[in-house]
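J.: Provided herewith is a single structure, encoded as structure tokens, for subsequent inquiry.
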Amino acid sequence: TVQLSGSAPFISPPLSSREDSCPSRARKMKIAYILTSLFALAAATTEIFYYADGDTDHSIIKCVLDAINRLEETSTCVSFTENSLEKDIAFVIVHSSECAWQPSNRSVHLSADCISDNLCTELIGKAVGVDRPAQDVAHFMGEKFNCTGPCGGLRCEHGGRLMEGNCQCSCVYGFDGQRCENLMRTQHFNDASCGVIEAQDAGSLSLSTYPGDQAKGTFCQWLLKSNDPWAKIELSFDGLDMDGKDMPPGIICNDILSVHGAGSMTKTIPCNGSPVPKLTSTSNWVLVELRTNPWAMEAHAGPAIRYNLITRPTGALAFSEGMTASTVGRSLLPAVAMLLARLL
């Protein structure tokens, strides 16, 4: 019994009768329990079974296991289990003379002569219905199996890295935004040609004043990007009319032309007459930046660059729409019905 000042004694009801006296509260608790249970079922792990042919080379097995470990670490609702007796086999690893996914018999063919970390990841992705480049397989696998991971499915673009400790993207040079989706320095562009360019089969890059004289102190970035996730972009340098006069020691050009997203991410192009080899992007985008010398003693037209889109040949690394996997909590409807019958 609790005595409140200036009031009649208040007697707490027995525990057994409290739920009856608060029907709305009890109903809310049941609903919360149902939602929690549904969330747990929705986040159930999809177990994907596979096995490796007995003659498979050790280097191939290592490549496959490394790829599986990376995918399991990122796709929190997917696990891979080697089990030759399981009837629901998603794929078989076969030692072969080529590297390809063969959908007719659900086999991943691998050879020690063509394997790489990226290729093993991509072929396993194909085996489970995710046709994406290696860096995107884990993200789209999470989408396919309805799990977004601790960062809510955040996917960093343009070479950005996801920092899982704080669920933020760490962007590479030139980009910002939650997903590194934006060019950082657009407010400093001072030529009409600068900005994002959708890469077609072929095209060219140059300042809007070309072949006339470029303005001193020009700052421009061209972001070439293809909608095809498998595409790569090849750059050829047809003309480099840039300021190479009276260069300080160690400087390869007074005008700075750099390429980001090709090879080692950043390449600065010389303007001393040396031939410049073709550059190919590592993915479906490449960033070209030009900074011209504001103190140039002579006028220059700037660079003339051609690009070609390199697409994957039709039929390469064959892909199947179907897959077979054993899923914990494969159907939510029976579980929902049971919960509702028990609780309401």
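Residues are named by chain letter and number: chains run A, B, ... in the order of the structure tokens, numbers start at 1 in each chain, and ligands are numbered from 1 in the order shown.
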Give me, as a PyMOL selection string, all polymer residues having an atom no more than 8 Å from Ser208 of chain A, counting only C-alpha atoms and skipping those fewer than 5 positions away in the same chain.
T.: chain A and resi 191-193
J.: Mind checking DSSP for segment 114-277 of chain A and telling me the strand (DSSP E) residues as a PyMOL selection string?
T.: chain A and resi 161-163+168-170+175-176+182-183+195-198+202-205+219-225+232-241+256-260+266-269
J.: Could the residues in this selection be written to a file with C-alpha atoms, as a PDB file, in the first residue's frame?
T.:
ATOM      1  CA  ARG A 161      35.546   2.928 -49.099  1.00  0.00           C
ATOM      2  CA  LEU A 162      32.877   2.171 -46.509  1.00  0.00           C
ATOM      3  CA  MET A 163      34.133   2.742 -42.962  1.00  0.00           C
ATOM      4  CA  GLN A 168      30.501   6.644 -43.598  1.00  0.00           C
ATOM      5  CA  CYS A 169      32.147   6.640 -47.006  1.00  0.00           C
ATOM      6  CA  SER A 170      35.786   7.673 -47.225  1.00  0.00           C
ATOM      7  CA  PHE A 175      34.498  13.353 -54.727  1.00  0.00           C
ATOM      8  CA  ASP A 176      32.239  14.014 -51.764  1.00  0.00           C
ATOM      9  CA  ASN A 182      29.306  14.208 -56.247  1.00  0.00           C
ATOM     10  CA  LEU A 183      32.236  16.056 -57.753  1.00  0.00           C
ATOM     11  CA  GLY A 195      31.370  18.219 -65.444  1.00  0.00           C
ATOM     12  CA  VAL A 196      29.835  14.757 -65.740  1.00  0.00           C
ATOM     13  CA  ILE A 197      29.766  13.170 -69.193  1.00  0.00           C
ATOM     14  CA  GLU A 198      27.848   9.988 -69.971  1.00  0.00           C
ATOM     15  CA  ALA A 202      33.400   6.838 -78.321  1.00  0.00           C
ATOM     16  CA  GLY A 203      33.936  10.552 -77.905  1.00  0.00           C
ATOM     17  CA  SER A 204      36.425  13.288 -77.112  1.00  0.00           C
ATOM     18  CA  LEU A 205      37.410  15.651 -74.317  1.00  0.00           C
ATOM     19  CA  PHE A 219      40.395  24.576 -63.683  1.00  0.00           C
ATOM     20  CA  CYS A 220      38.301  21.797 -65.190  1.00  0.00           C
ATOM     21  CA  GLN A 221      37.299  18.228 -64.380  1.00  0.00           C
ATOM     22  CA  TRP A 222      35.645  15.783 -66.754  1.00  0.00           C
ATOM     23  CA  LEU A 223      33.990  12.780 -65.116  1.00  0.00           C
ATOM     24  CA  LEU A 224      33.438  10.145 -67.780  1.00  0.00           C
ATOM     25  CA  LYS A 225      30.986   7.510 -66.616  1.00  0.00           C
ATOM     26  CA  LYS A 232      35.907   0.310 -68.890  1.00  0.00           C
ATOM     27  CA  ILE A 233      37.034   3.551 -70.514  1.00  0.00           C
ATOM     28  CA  GLU A 234      40.173   3.817 -72.646  1.00  0.00           C
ATOM     29  CA  LEU A 235      41.834   7.226 -73.054  1.00  0.00           C
ATOM     30  CA  SER A 236      44.078   8.239 -75.969  1.00  0.00           C
ATOM     31  CA  PHE A 237      45.980  11.539 -75.973  1.00  0.00           C
ATOM     32  CA  ASP A 238      45.899  12.998 -79.480  1.00  0.00           C
ATOM     33  CA  GLY A 239      47.270  16.420 -78.653  1.00  0.00           C
ATOM     34  CA  LEU A 240      48.884  18.006 -75.616  1.00  0.00           C
ATOM     35  CA  ASP A 241      49.292  21.691 -76.407  1.00  0.00           C
ATOM     36  CA  ILE A 256      48.763  19.894 -64.721  1.00  0.00           C
ATOM     37  CA  LEU A 257      46.743  17.210 -66.503  1.00  0.00           C
ATOM     38  CA  SER A 258      45.951  14.235 -64.269  1.00  0.00           C
ATOM     39  CA  VAL A 259      43.852  11.095 -64.605  1.00  0.00           C
ATOM     40  CA  HIS A 260      42.160   9.462 -61.615  1.00  0.00           C
ATOM     41  CA  THR A 266      46.364   8.902 -60.275  1.00  0.00           C
ATOM     42  CA  LYS A 267      48.546   9.596 -63.296  1.00  0.00           C
ATOM     43  CA  THR A 268      49.977  13.013 -64.203  1.00  0.00           C
ATOM     44  CA  ILE A 269      50.529  13.512 -67.936  1.00  0.00           C
TER      45      ILE A 269
END
J.: Leaving out segment 60-77 of chain A and any residue of its chain fewer than 3 positions from it, which residues lie within 6 Å of it when counting only C-alpha atoms, given as a PDB file with C-alpha atoms, in the first residue's frame?
T.:
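Just written: out.pdb:
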ATOM      1  CA  THR A  45      20.687 -16.431 -42.875  1.00  0.00           C
ATOM      2  CA  ASP A  57      44.110 -27.252 -57.550  1.00  0.00           C
ATOM      3  CA  CYS A 120      36.703 -15.671 -58.167  1.00  0.00           C
ATOM      4  CA  THR A 121      34.392 -13.166 -56.468  1.00  0.00           C
ATOM      5  CA  ALA A 138      28.681  -8.164 -51.771  1.00  0.00           C
ATOM      6  CA  GLY A 142      22.866  -8.313 -49.652  1.00  0.00           C
ATOM      7  CA  CYS A 147      20.019  -7.968 -45.715  1.00  0.00           C
ATOM      8  CA  GLY A 149      24.309  -5.078 -43.046  1.00  0.00           C
TER       9      GLY A 149
END
J.: Report the distance between atom CA of Ala301 of chain A and atom CA of Cys271 of chain A in Å, rounded to one decimal place.
T.: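 Answer for the atom CA of Ala301 of chain A to atom CA of Cys271 of chain A separation: 12.6 Å.
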